[in-house]
$ cat target_30.tsv   # TSV, C-alpha atoms
chain	number	residue	atom	x	y	z
A	1	MET	CA	4.18	-1.08	14.67
A	2	ASN	CA	3.80	-2.85	11.36
A	3	ARG	CA	3.39	-0.74	8.26
A	4	LEU	CA	-0.32	-1.41	7.86
A	5	LEU	CA	-1.27	-0.39	11.39
A	6	PHE	CA	1.04	2.64	11.34
A	7	ASN	CA	-0.34	3.95	8.04
A	8	ILE	CA	-3.94	3.49	9.14
A	9	ALA	CA	-3.19	5.20	12.45
A	10	ILE	CA	-1.81	8.25	10.65
A	11	ILE	CA	-4.83	8.47	8.37
A	12	LEU	CA	-7.37	7.94	11.12
A	13	SER	CA	-5.73	10.45	13.42
A	14	CYS	CA	-7.38	13.20	11.36
A	15	LEU	CA	-10.73	11.47	10.99
A	16	VAL	CA	-13.76	13.74	11.31
A	17	ILE	CA	-16.84	11.72	12.12
A	18	VAL	CA	-20.02	12.96	10.46
A	19	SER	CA	-21.99	9.74	10.41
A	20	CYS	CA	-23.56	9.75	13.85
A	21	SER	CA	-26.87	11.24	12.70
A	22	LYS	CA	-30.01	9.19	13.23
A	23	LYS	CA	-31.04	9.84	9.62
A	24	ASN	CA	-31.04	6.90	7.26
A	25	TYR	CA	-28.62	6.98	4.35
A	26	ILE	CA	-29.95	8.25	1.05
A	27	SER	CA	-29.21	7.71	-2.61
A	28	THR	CA	-28.70	10.30	-5.32
A	29	THR	CA	-28.90	10.09	-9.09
A	30	ASP	CA	-25.62	12.03	-9.31
A	31	PHE	CA	-23.80	9.24	-7.52
A	32	LYS	CA	-21.20	7.32	-9.52
A	33	GLU	CA	-21.11	3.85	-8.06
A	34	GLY	CA	-17.99	2.79	-9.93
A	35	ASN	CA	-17.05	-0.75	-10.85
A	36	THR	CA	-18.88	-2.52	-8.05
A	37	THR	CA	-20.96	-5.66	-8.35
A	38	ALA	CA	-23.30	-6.74	-5.58
A	39	PRO	CA	-21.92	-9.73	-3.67
A	40	GLU	CA	-23.34	-13.24	-3.75
A	41	TYR	CA	-23.13	-14.45	-0.19
A	42	SER	CA	-23.68	-18.06	-1.21
A	43	ASN	CA	-20.08	-17.80	-2.43
A	44	LEU	CA	-17.49	-18.21	0.34
A	45	ASN	CA	-15.26	-15.72	-1.48
A	46	SER	CA	-17.78	-13.06	-0.44
A	47	TRP	CA	-16.86	-13.66	3.19
A	48	ALA	CA	-13.70	-12.40	4.87
A	49	ALA	CA	-14.41	-14.80	7.73
A	50	HIS	CA	-16.62	-17.86	7.72
A	51	PRO	CA	-16.63	-21.11	9.72
A	52	TYR	CA	-16.59	-23.12	6.48
A	53	LYS	CA	-13.23	-21.69	5.35
A	54	ASN	CA	-9.79	-21.14	6.82
A	55	ASP	CA	-9.21	-17.44	7.37
A	56	PRO	CA	-7.30	-15.11	9.72
A	57	SER	CA	-10.20	-14.92	12.19
A	58	ASP	CA	-9.31	-18.51	13.15
A	59	SER	CA	-5.91	-17.40	14.42
A	60	VAL	CA	-5.08	-17.54	18.11
A	61	PRO	CA	-2.10	-15.64	19.55
A	62	SER	CA	0.52	-18.18	20.55
A	63	ALA	CA	0.60	-16.75	24.08
A	64	ILE	CA	-2.95	-17.99	24.72
A	65	LYS	CA	-3.19	-21.15	22.62
A	66	ASN	CA	-3.02	-23.43	25.64
A	67	GLY	CA	-6.52	-24.31	26.70
A	68	TYR	CA	-8.14	-22.87	23.58
A	69	GLN	CA	-11.59	-24.48	23.27
A	70	PRO	CA	-13.75	-23.00	20.51
A	71	ASP	CA	-17.53	-23.11	20.85
A	72	SER	CA	-20.04	-23.49	18.01
A	73	THR	CA	-23.27	-22.91	19.93
A	74	VAL	CA	-23.12	-19.11	19.48
A	75	ASP	CA	-22.46	-17.08	16.32
A	76	VAL	CA	-20.51	-13.85	15.97
A	77	PHE	CA	-21.41	-11.52	13.11
A	78	PHE	CA	-18.41	-9.22	12.73
A	79	ILE	CA	-18.58	-6.10	10.53
A	80	HIS	CA	-15.10	-4.95	9.65
A	81	PRO	CA	-13.94	-1.30	9.46
A	82	THR	CA	-12.75	0.66	6.45
A	83	SER	CA	-9.80	-0.73	4.52
A	84	TYR	CA	-10.45	1.30	1.34
A	85	LEU	CA	-8.31	4.25	2.37
A	86	ASN	CA	-7.12	6.00	-0.81
A	87	LYS	CA	-8.70	9.46	-0.57
A	88	LEU	CA	-8.51	9.83	-4.36
A	89	ARG	CA	-11.13	7.07	-4.62
A	90	PRO	CA	-9.55	5.41	-7.69
A	91	LEU	CA	-12.20	2.66	-7.56
A	92	GLY	CA	-15.13	4.99	-6.98
A	93	TRP	CA	-16.90	5.78	-3.73
A	94	ASN	CA	-17.29	2.09	-2.91
A	95	ALA	CA	-14.69	-0.65	-2.93
A	96	PRO	CA	-15.29	-3.62	-5.23
A	97	LEU	CA	-15.22	-7.00	-3.53
A	98	ASN	CA	-12.55	-8.45	-5.78
A	99	ASP	CA	-9.79	-5.91	-5.16
A	100	ILE	CA	-6.86	-8.00	-3.93
A	101	THR	CA	-5.04	-5.15	-2.19
A	102	ILE	CA	-8.08	-4.03	-0.20
A	103	ASN	CA	-8.99	-7.60	0.71
A	104	GLN	CA	-5.47	-8.28	1.96
A	105	LYS	CA	-5.63	-5.14	4.12
A	106	THR	CA	-8.91	-6.37	5.52
A	107	ASP	CA	-7.77	-9.94	6.14
A	108	ASN	CA	-4.29	-9.22	7.50
A	109	GLY	CA	-5.49	-6.24	9.51
A	110	THR	CA	-8.91	-6.23	11.11
A	111	ILE	CA	-9.91	-9.87	10.53
A	112	LEU	CA	-6.68	-11.06	12.11
A	113	PHE	CA	-6.36	-8.45	14.85
A	114	GLN	CA	-10.03	-7.84	15.71
A	115	ALA	CA	-12.33	-10.61	14.51
A	116	SER	CA	-10.02	-13.19	16.09
A	117	ILE	CA	-10.94	-11.81	19.52
A	118	PHE	CA	-14.23	-13.69	19.22
A	119	ASN	CA	-13.08	-17.01	17.76
A	120	GLU	CA	-13.34	-18.98	20.99
A	121	VAL	CA	-16.78	-17.82	22.01
A	122	GLY	CA	-18.52	-18.69	18.75
A	123	ARG	CA	-18.44	-19.18	15.00
A	124	VAL	CA	-17.23	-16.02	13.27
A	125	PHE	CA	-18.97	-14.67	10.16
A	126	SER	CA	-17.64	-11.48	8.55
A	127	PRO	CA	-18.91	-10.44	5.12
A	128	ARG	CA	-16.91	-8.62	2.53
A	129	TYR	CA	-18.95	-5.63	1.45
A	130	ARG	CA	-18.72	-2.67	-0.87
A	131	GLN	CA	-17.38	-0.46	1.88
A	132	ALA	CA	-17.49	3.29	1.52
A	133	ASN	CA	-14.17	5.02	1.00
A	134	LEU	CA	-12.66	6.61	4.12
A	135	SER	CA	-13.22	10.07	2.59
A	136	ALA	CA	-16.98	9.53	2.86
A	137	TYR	CA	-16.59	10.45	6.54
A	138	TYR	CA	-15.37	13.96	5.74
A	139	PRO	CA	-17.03	15.26	2.55
A	140	SER	CA	-15.75	18.62	1.39
A	141	ASN	CA	-18.93	19.95	-0.22
A	142	ALA	CA	-22.67	19.32	-0.60
A	143	SER	CA	-22.24	17.07	-3.62
A	144	ASP	CA	-19.68	14.95	-1.82
A	145	SER	CA	-22.03	14.73	1.17
A	146	LEU	CA	-24.77	13.24	-1.00
A	147	ASN	CA	-22.36	10.86	-2.67
A	148	ALA	CA	-20.95	9.83	0.69
A	149	MET	CA	-24.40	8.99	2.03
A	150	ALA	CA	-25.14	7.00	-1.13
A	151	ALA	CA	-21.86	5.13	-0.65
A	152	PHE	CA	-22.81	4.25	2.91
A	153	GLU	CA	-26.21	3.06	1.68
A	154	ILE	CA	-24.62	0.66	-0.80
A	155	ALA	CA	-22.30	-0.61	1.91
A	156	TYR	CA	-25.17	-1.14	4.33
A	157	GLN	CA	-27.32	-2.95	1.76
A	158	ASP	CA	-24.48	-5.46	1.37
A	159	ILE	CA	-24.28	-5.95	5.14
A	160	LYS	CA	-28.05	-6.39	5.25
A	161	SER	CA	-27.95	-8.92	2.40
A	162	ALA	CA	-25.15	-10.86	4.11
A	163	PHE	CA	-27.03	-10.96	7.40
A	164	GLN	CA	-30.22	-12.10	5.71
A	165	TYR	CA	-28.32	-14.87	3.94
A	166	TYR	CA	-26.66	-15.87	7.21
A	167	LEU	CA	-29.98	-16.00	9.05
A	168	SER	CA	-31.60	-18.12	6.33
A	169	ASN	CA	-28.74	-20.53	5.75
A	170	ASN	CA	-26.36	-20.64	8.71
A	171	ASN	CA	-27.84	-19.46	11.98
A	172	ASN	CA	-30.25	-22.30	12.77
A	173	GLY	CA	-31.57	-20.57	15.88
A	174	ARG	CA	-28.22	-19.85	17.53
A	175	PRO	CA	-27.74	-16.83	19.82
A	176	ILE	CA	-25.93	-13.98	18.08
A	177	ILE	CA	-23.17	-11.58	19.04
A	178	ILE	CA	-22.79	-8.48	16.88
A	179	ALA	CA	-19.25	-7.08	16.84
A	180	ALA	CA	-18.06	-4.17	14.74
A	181	HIS	CA	-15.51	-1.41	14.52
A	182	SER	CA	-15.51	2.01	12.87
A	183	GLN	CA	-17.44	1.87	9.57
A	184	GLY	CA	-18.58	-1.55	10.72
A	185	SER	CA	-20.26	0.09	13.71
A	186	THR	CA	-21.89	2.68	11.47
A	187	HIS	CA	-23.65	-0.20	9.76
A	188	GLY	CA	-23.93	-2.41	12.83
A	189	LYS	CA	-26.15	-0.06	14.79
A	190	ARG	CA	-28.57	0.19	11.88
A	191	LEU	CA	-28.53	-3.59	11.44
A	192	ILE	CA	-29.50	-4.08	15.09
A	193	LYS	CA	-32.24	-1.48	14.87
A	194	GLU	CA	-33.76	-3.01	11.74
A	195	PHE	CA	-33.39	-6.72	12.53
A	196	PHE	CA	-33.46	-7.03	16.32
A	197	GLU	CA	-35.51	-4.28	17.94
A	198	ASN	CA	-38.97	-5.28	16.78
A	199	SER	CA	-38.53	-8.98	16.19
A	200	ASN	CA	-37.95	-12.19	18.10
A	201	LEU	CA	-34.23	-11.82	17.32
A	202	LYS	CA	-33.94	-9.37	20.21
A	203	ASN	CA	-34.19	-12.36	22.55
A	204	ARG	CA	-31.20	-13.99	20.84
A	205	LEU	CA	-28.83	-11.02	21.00
A	206	VAL	CA	-26.15	-11.97	23.52
A	207	VAL	CA	-24.41	-8.60	23.33
A	208	ALA	CA	-23.25	-6.05	20.77
A	209	TYR	CA	-19.81	-4.45	20.68
A	210	LEU	CA	-20.19	-1.36	18.47
A	211	VAL	CA	-16.76	0.18	18.83
A	212	GLY	CA	-15.08	3.22	17.34
A	213	MET	CA	-18.19	5.23	16.47
A	214	PRO	CA	-20.52	7.23	18.72
A	215	ILE	CA	-23.66	5.30	19.61
A	216	GLU	CA	-26.28	7.64	21.07
A	217	ASP	CA	-27.63	6.31	24.35
A	218	ASN	CA	-31.21	6.76	23.06
A	219	TYR	CA	-30.63	5.36	19.57
A	220	PHE	CA	-32.26	2.04	20.45
A	221	SER	CA	-35.66	1.61	22.08
A	222	SER	CA	-35.17	-2.01	23.18
A	223	PHE	CA	-31.46	-2.08	23.99
A	224	LYS	CA	-29.57	-0.12	26.59
A	225	ALA	CA	-25.91	0.29	27.42
A	226	CYS	CA	-24.32	-2.62	29.26
A	227	VAL	CA	-23.74	-1.58	32.87
A	228	THR	CA	-22.28	-4.79	34.35
A	229	PRO	CA	-19.75	-7.34	33.02
A	230	TYR	CA	-22.36	-10.13	32.88
A	231	GLN	CA	-25.31	-8.27	31.40
A	232	THR	CA	-26.74	-9.57	28.12
A	233	GLY	CA	-28.97	-8.09	25.43
A	234	CYS	CA	-27.14	-4.77	25.71
A	235	ILE	CA	-24.67	-2.52	23.90
A	236	CYS	CA	-20.97	-1.89	24.57
A	237	SER	CA	-19.24	0.99	22.81
A	238	TRP	CA	-16.25	3.30	23.17
A	239	ARG	CA	-13.91	5.60	21.24
A	240	THR	CA	-10.34	5.83	22.48
A	241	TYR	CA	-8.12	8.91	22.66
A	242	LYS	CA	-4.98	9.85	24.50
A	243	GLU	CA	-5.65	11.02	28.03
A	244	GLY	CA	-6.21	14.77	28.10
A	245	TYR	CA	-7.23	15.04	24.45
A	246	GLU	CA	-10.74	15.74	23.23
A	247	PRO	CA	-11.28	16.35	19.49
A	248	ASP	CA	-13.20	19.52	18.60
A	249	PHE	CA	-16.02	17.56	16.97
A	250	VAL	CA	-16.52	15.56	20.18
A	251	ALA	CA	-16.70	18.74	22.24
A	252	LYS	CA	-19.49	19.95	19.93
A	253	GLU	CA	-21.59	16.79	20.19
A	254	ASN	CA	-25.05	17.53	21.57
A	255	PHE	CA	-25.94	13.98	22.57
A	256	LYS	CA	-24.85	11.47	25.18
A	257	ALA	CA	-22.95	8.51	23.75
A	258	ILE	CA	-22.67	5.03	25.18
A	259	ILE	CA	-19.19	4.69	26.65
A	260	THR	CA	-18.11	1.39	28.15
A	261	ASN	CA	-14.94	0.96	30.17
A	262	PRO	CA	-13.36	-2.14	28.54
A	263	LEU	CA	-11.34	-2.94	31.65
A	264	THR	CA	-14.16	-2.92	34.23
A	265	TRP	CA	-17.33	-3.29	32.08
A	266	ASP	CA	-19.07	-1.61	35.01
A	267	SER	CA	-20.83	1.74	34.72
A	268	SER	CA	-20.04	2.46	38.38
A	269	LYS	CA	-16.31	1.97	37.80
A	270	LEU	CA	-15.33	4.57	35.23
A	271	ILE	CA	-11.59	4.58	35.90
A	272	ALA	CA	-9.33	1.53	35.67
A	273	ALA	CA	-5.57	1.32	36.08
A	274	ARG	CA	-3.55	-0.48	33.45
A	275	ASP	CA	-2.86	-3.26	35.94
A	276	LEU	CA	-6.34	-4.51	34.99
A	277	ASN	CA	-5.37	-4.72	31.32
A	278	LYS	CA	-4.83	-8.43	30.67
A	279	GLY	CA	-3.13	-7.86	27.35
A	280	GLY	CA	-3.27	-6.01	24.08
A	281	ILE	CA	-2.36	-7.44	20.68
A	282	LEU	CA	-0.70	-4.56	18.87
A	283	LEU	CA	2.53	-4.93	16.95
A	284	LYS	CA	2.93	-8.66	16.51
A	285	PHE	CA	-0.09	-10.91	16.57
A	286	ASN	CA	1.61	-13.58	18.63
A	287	LYS	CA	2.85	-11.17	21.28
A	288	LYS	CA	0.55	-10.25	24.16
A	289	VAL	CA	1.42	-6.90	25.71
A	290	LEU	CA	0.40	-6.94	29.37
A	291	ARG	CA	-0.79	-3.74	31.08
A	292	VAL	CA	-0.51	-1.89	27.81
A	293	THR	CA	-2.75	1.01	28.90
A	294	ASP	CA	-5.47	2.07	31.30
A	295	ALA	CA	-9.06	3.19	30.61
A	296	LYS	CA	-11.00	6.22	31.84
A	297	VAL	CA	-14.50	7.18	30.78
A	298	GLN	CA	-14.47	10.90	30.01
A	299	GLY	CA	-17.76	12.29	28.73
A	300	ASN	CA	-18.45	10.85	25.29
A	301	ILE	CA	-15.05	9.20	24.85
A	302	LEU	CA	-12.58	6.86	26.52
A	303	TRP	CA	-9.22	8.21	27.62
A	304	ALA	CA	-6.14	6.01	27.73
A	305	GLU	CA	-2.59	6.84	28.68
A	306	LYS	CA	0.00	6.44	25.95
A	307	PRO	CA	0.30	2.69	25.26
A	308	HIS	CA	3.31	0.96	26.80
A	309	PHE	CA	5.06	-1.13	24.16
A	310	PHE	CA	8.52	-1.32	22.63
A	311	GLY	CA	8.86	1.45	20.06
A	312	ASN	CA	6.03	3.58	21.42
A	313	ALA	CA	8.19	6.68	21.05
A	314	PHE	CA	7.16	6.65	17.39
A	315	TYR	CA	3.47	6.41	18.26
A	316	THR	CA	2.64	10.09	18.53
A	317	THR	CA	-1.01	10.27	17.50
A	318	LYS	CA	-3.57	11.32	20.10
A	319	ASN	CA	-6.30	9.38	18.30
A	320	TYR	CA	-6.20	5.70	19.28
A	321	HIS	CA	-9.05	4.76	16.95
A	322	ILE	CA	-6.99	2.14	15.14
A	323	ALA	CA	-6.41	0.33	18.42
A	324	ASP	CA	-9.86	0.72	20.02
A	325	MET	CA	-10.19	-3.04	20.31
A	326	ASN	CA	-6.58	-4.17	20.20
A	327	LEU	CA	-5.54	-2.23	23.29
A	328	TYR	CA	-8.07	-4.31	25.21
A	329	TYR	CA	-7.88	-7.56	23.21
A	330	MET	CA	-7.70	-9.97	26.14
A	331	ASN	CA	-10.26	-8.12	28.24
A	332	ILE	CA	-12.79	-8.17	25.41
A	333	ARG	CA	-12.07	-11.84	24.81
A	334	GLU	CA	-12.70	-12.59	28.48
A	335	ASN	CA	-15.79	-10.40	28.70
A	336	VAL	CA	-17.59	-11.87	25.72
A	337	ALA	CA	-17.08	-15.32	27.23
A	338	LEU	CA	-18.64	-14.14	30.50
A	339	ARG	CA	-21.66	-12.70	28.70
A	340	LYS	CA	-22.13	-15.86	26.65
A	341	LYS	CA	-22.08	-17.94	29.83
A	342	ALA	CA	-24.57	-15.60	31.49
A	343	PHE	CA	-26.84	-15.77	28.43
A	344	TRP	CA	-27.07	-19.56	28.64
A	345	LYS	CA	-27.88	-19.38	32.35
A	346	GLN	CA	-30.95	-17.21	31.77

$ encode --input "target_30.tsv" --output "structure tokens"
Amino acid sequence: MNRLLFNIAIILSCLVIVSCSKKNYISTTDFKEGNTTAPEYSNLNSWAAHPYKNDPSDSVPSAIKNGYQPDSTVDVFFIHPTSYLNKLRPLGWNAPLNDITINQKTDNGTILFQASIFNEVGRVFSPRYRQANLSAYYPSNASDSLNAMAAFEIAYQDIKSAFQYYLSNNNNGRPIIIAAHSQGSTHGKRLIKEFFENSNLKNRLVVAYLVGMPIEDNYFSSFKACVTPYQTGCICSWRTYKEGYEPDFVAKENFKAIITNPLTWDSSKLIAARDLNKGGILLKFNKKVLRVTDAKVQGNILWAEKPHFFGNAFYTTKNYHIADMNLYYMNIRENVALRKKAFWKQ
């Protein structure tokens, strides 16, 4: 796999998730924010993806370009995962928006390989934000825990500000799809709770894909897990690991998480053979890998057999977090189109 995806896979293979609590983030006076300036979302440079600029989310794998017909009647608000990975935190707990290296990792990684999944179903908006450093997910002491929560709070406030700007200036009453991965899902579930649950926006939520983080099945009062491929106003979520592997922290979880099978999208069909996998986008963006892996709902996680692609002998991690969405790229792309169509038929 390319260097970026391989390096992230190695780092994320030892990820310990501590952010699934229902508690809101907090701030602390001991927190050192670092050289971070709040974004101005009226500036297109504050967006990693936006319909008014050319960006990697516009890319379409060459294998599926024929028949590509983008729609502008629905919007996709995509919250990207962590790309500030240096555990030494040289820029502080939060990444500044103008760091070229981090922005390139974001754009050439998740915006290209994940946000592009949604570029046919609607207009894609993805804000840059002062993301928390990866180490915020595994603080080593009480002080780090407070600082980590403060870092997540700063990151979320940026997401909130971006969404408010989007609603006021770009949405114009369109239905909305929320899509997110990893740290993006940490913020995405809070965004939905604060903006959609007790407002008229709940009637405009087509679907939410909150992938890579545990979403408690009782976290929302107005939204439930999607149980059919055509259901709207519901939540899809999963975390992917090699078949037979369950991390210790998952075994200790005392809640039930929403787990969607991204090959069947049906809560009555928990196991799906890889023959149903219509293609992953893994190593090269323009190469679709058919039948790359299967999908089996196992408790609070999704199991997948070792992905089938050239060079997979070097892919030894049991944590498939980095590829949560990319293993099922074409199936997600197809499913979101089905849900959009069902939404308009209501």

$ closest_residue --input "target_30.tsv" --among "A:Gly233, A:Pro81, A:Pro70, A:Pro39" --to "Tyr129 (chain A)" --atoms "all atoms listed in the file"
A:Pro39

$ atom_distance --input "target_30.tsv" --atom1 "CA of Pro56 (chain A)" --atom2 "CA of Asn286 (chain A)"
12.7 Å

$ residues_near_point --input "target_30.tsv" --point "(-15.5, 1.0, 15.2)" --cutoff "12 Å" --atoms "all atoms listed in the file" --output "number ranges by chain"
A: 12, 17, 19-20, 78-82, 110, 114, 179-189, 208-215, 236-240, 320-326

$ closest_residue --input "target_30.tsv" --among "A:Thr316, A:Asn119, A:Asn94, A:Asn43" --to "Phe152 (chain A)" --atoms "only C-alpha atoms"
A:Asn94

$ closest_residue --input "target_30.tsv" --among "A:Leu338, A:Ile235, A:Val292, A:Ile192" --to "Asp217 (chain A)" --atoms "only C-alpha atoms"
A:Ile235

$ closest_residue --input "target_30.tsv" --among "A:Phe314, A:Phe220, A:Phe125, A:Tyr230" --to "Ser72 (chain A)" --atoms "all atoms listed in the file"
A:Phe125

$ atom_distance --input "target_30.tsv" --atom1 "CA of Thr106 (chain A)" --atom2 "CA of Gly122 (chain A)"
20.5 Å

$ closest_residue --input "target_30.tsv" --among "A:Ala148, A:Ala142, A:Ile178, A:Leu85" --to "Val207 (chain A)" --atoms "only C-alpha atoms"
A:Ile178

$ residues_around --input "target_30.tsv" --residues "Glu120 (chain A)" --least-positions-apart "5" --cutoff "8 Å" --atoms "all atoms listed in the file" --output "PDB file with C-alpha atoms, in the frame of the given file"
ATOM      1  CA  TYR A  68      -8.140 -22.870  23.580  1.00  0.00           C
ATOM      2  CA  GLN A  69     -11.590 -24.480  23.270  1.00  0.00           C
ATOM      3  CA  PRO A  70     -13.750 -23.000  20.510  1.00  0.00           C
ATOM      4  CA  ASP A  71     -17.530 -23.110  20.850  1.00  0.00           C
TER       5      ASP A  71
END

$ residues_near_point --input "target_30.tsv" --point "(-25.2, -19.0, 8.0)" --cutoff "12 Å" --atoms "all atoms listed in the file" --output "ChimeraX atom specification"
/A:41-44,47,49-52,74-77,123-127,161-174,176

$ atom_distance --input "target_30.tsv" --atom1 "CA of Lys269 (chain A)" --atom2 "CA of Gly299 (chain A)"
13.8 Å

$ closest_residue --input "target_30.tsv" --among "A:Ser46, A:Ser199, A:Asn108, A:Asn335" --to "Arg128 (chain A)" --atoms "only C-alpha atoms"
A:Ser46

$ residues_around --input "target_30.tsv" --residues "Phe309 (chain A)" --least-positions-apart "3" --cutoff "10 Å" --atoms "all atoms listed in the file" --output "list in words"
Met1, Gly280, Leu282, Leu283, Val289, Leu290, Arg291, Val292, Thr293, Lys306, Asn312, Ala313 and Tyr315 of chain A

$ residues_around --input "target_30.tsv" --residues "region 242-259 of chain A" --least-positions-apart "6" --cutoff "9 Å" --atoms "all atoms listed in the file" --output "MDAnalysis selection string"
chainID A and resid 16:18 214:218 224:226 235:236 267 295:307 317:320

$ build_atoms --input "target_30.tsv" --residues "region 319-337 of chain A" --atoms "N, CA and C atoms" --output "CSV table (one decimal), in the frame of the given file"
chain,number,residue,atom,x,y,z
A,319,ASN,N,-5.1,10.1,18.7
A,319,ASN,CA,-6.3,9.4,18.3
A,319,ASN,C,-6.0,7.9,18.3
A,320,TYR,N,-6.5,7.1,19.2
A,320,TYR,CA,-6.2,5.7,19.3
A,320,TYR,C,-7.3,4.8,18.6
A,321,HIS,N,-8.0,5.4,17.7
A,321,HIS,CA,-9.0,4.8,17.0
A,321,HIS,C,-8.6,3.4,16.4
A,322,ILE,N,-7.5,3.4,15.8
A,322,ILE,CA,-7.0,2.1,15.1
A,322,ILE,C,-6.9,1.0,16.1
A,323,ALA,N,-6.7,1.3,17.4
A,323,ALA,CA,-6.4,0.3,18.4
A,323,ALA,C,-7.6,0.2,19.4
A,324,ASP,N,-8.7,0.8,19.1
A,324,ASP,CA,-9.9,0.7,20.0
A,324,ASP,C,-10.1,-0.7,20.6
A,325,MET,N,-10.0,-1.7,19.8
A,325,MET,CA,-10.2,-3.0,20.3
A,325,MET,C,-8.9,-3.7,20.7
A,326,ASN,N,-7.8,-3.4,20.0
A,326,ASN,CA,-6.6,-4.2,20.2
A,326,ASN,C,-5.9,-3.8,21.5
A,327,LEU,N,-6.1,-2.6,22.0
A,327,LEU,CA,-5.5,-2.2,23.3
A,327,LEU,C,-6.1,-3.1,24.4
A,328,TYR,N,-7.3,-3.6,24.2
A,328,TYR,CA,-8.1,-4.3,25.2
A,328,TYR,C,-8.4,-5.7,24.7
A,329,TYR,N,-7.6,-6.3,23.9
A,329,TYR,CA,-7.9,-7.6,23.2
A,329,TYR,C,-8.3,-8.6,24.2
A,330,MET,N,-7.5,-8.9,25.2
A,330,MET,CA,-7.7,-10.0,26.1
A,330,MET,C,-8.9,-9.7,27.0
A,331,ASN,N,-9.1,-8.4,27.4
A,331,ASN,CA,-10.3,-8.1,28.2
A,331,ASN,C,-11.6,-8.3,27.5
A,332,ILE,N,-11.6,-7.9,26.2
A,332,ILE,CA,-12.8,-8.2,25.4
A,332,ILE,C,-13.0,-9.7,25.3
A,333,ARG,N,-12.0,-10.4,25.0
A,333,ARG,CA,-12.1,-11.8,24.8
A,333,ARG,C,-12.6,-12.5,26.1
A,334,GLU,N,-12.2,-12.0,27.2
A,334,GLU,CA,-12.7,-12.6,28.5
A,334,GLU,C,-14.1,-12.2,28.7
A,335,ASN,N,-14.5,-10.9,28.4
A,335,ASN,CA,-15.8,-10.4,28.7
A,335,ASN,C,-16.9,-11.1,27.8
A,336,VAL,N,-16.6,-11.3,26.6
A,336,VAL,CA,-17.6,-11.9,25.7
A,336,VAL,C,-17.9,-13.3,26.2
A,337,ALA,N,-16.9,-14.0,26.7
A,337,ALA,CA,-17.1,-15.3,27.2
A,337,ALA,C,-18.0,-15.3,28.5
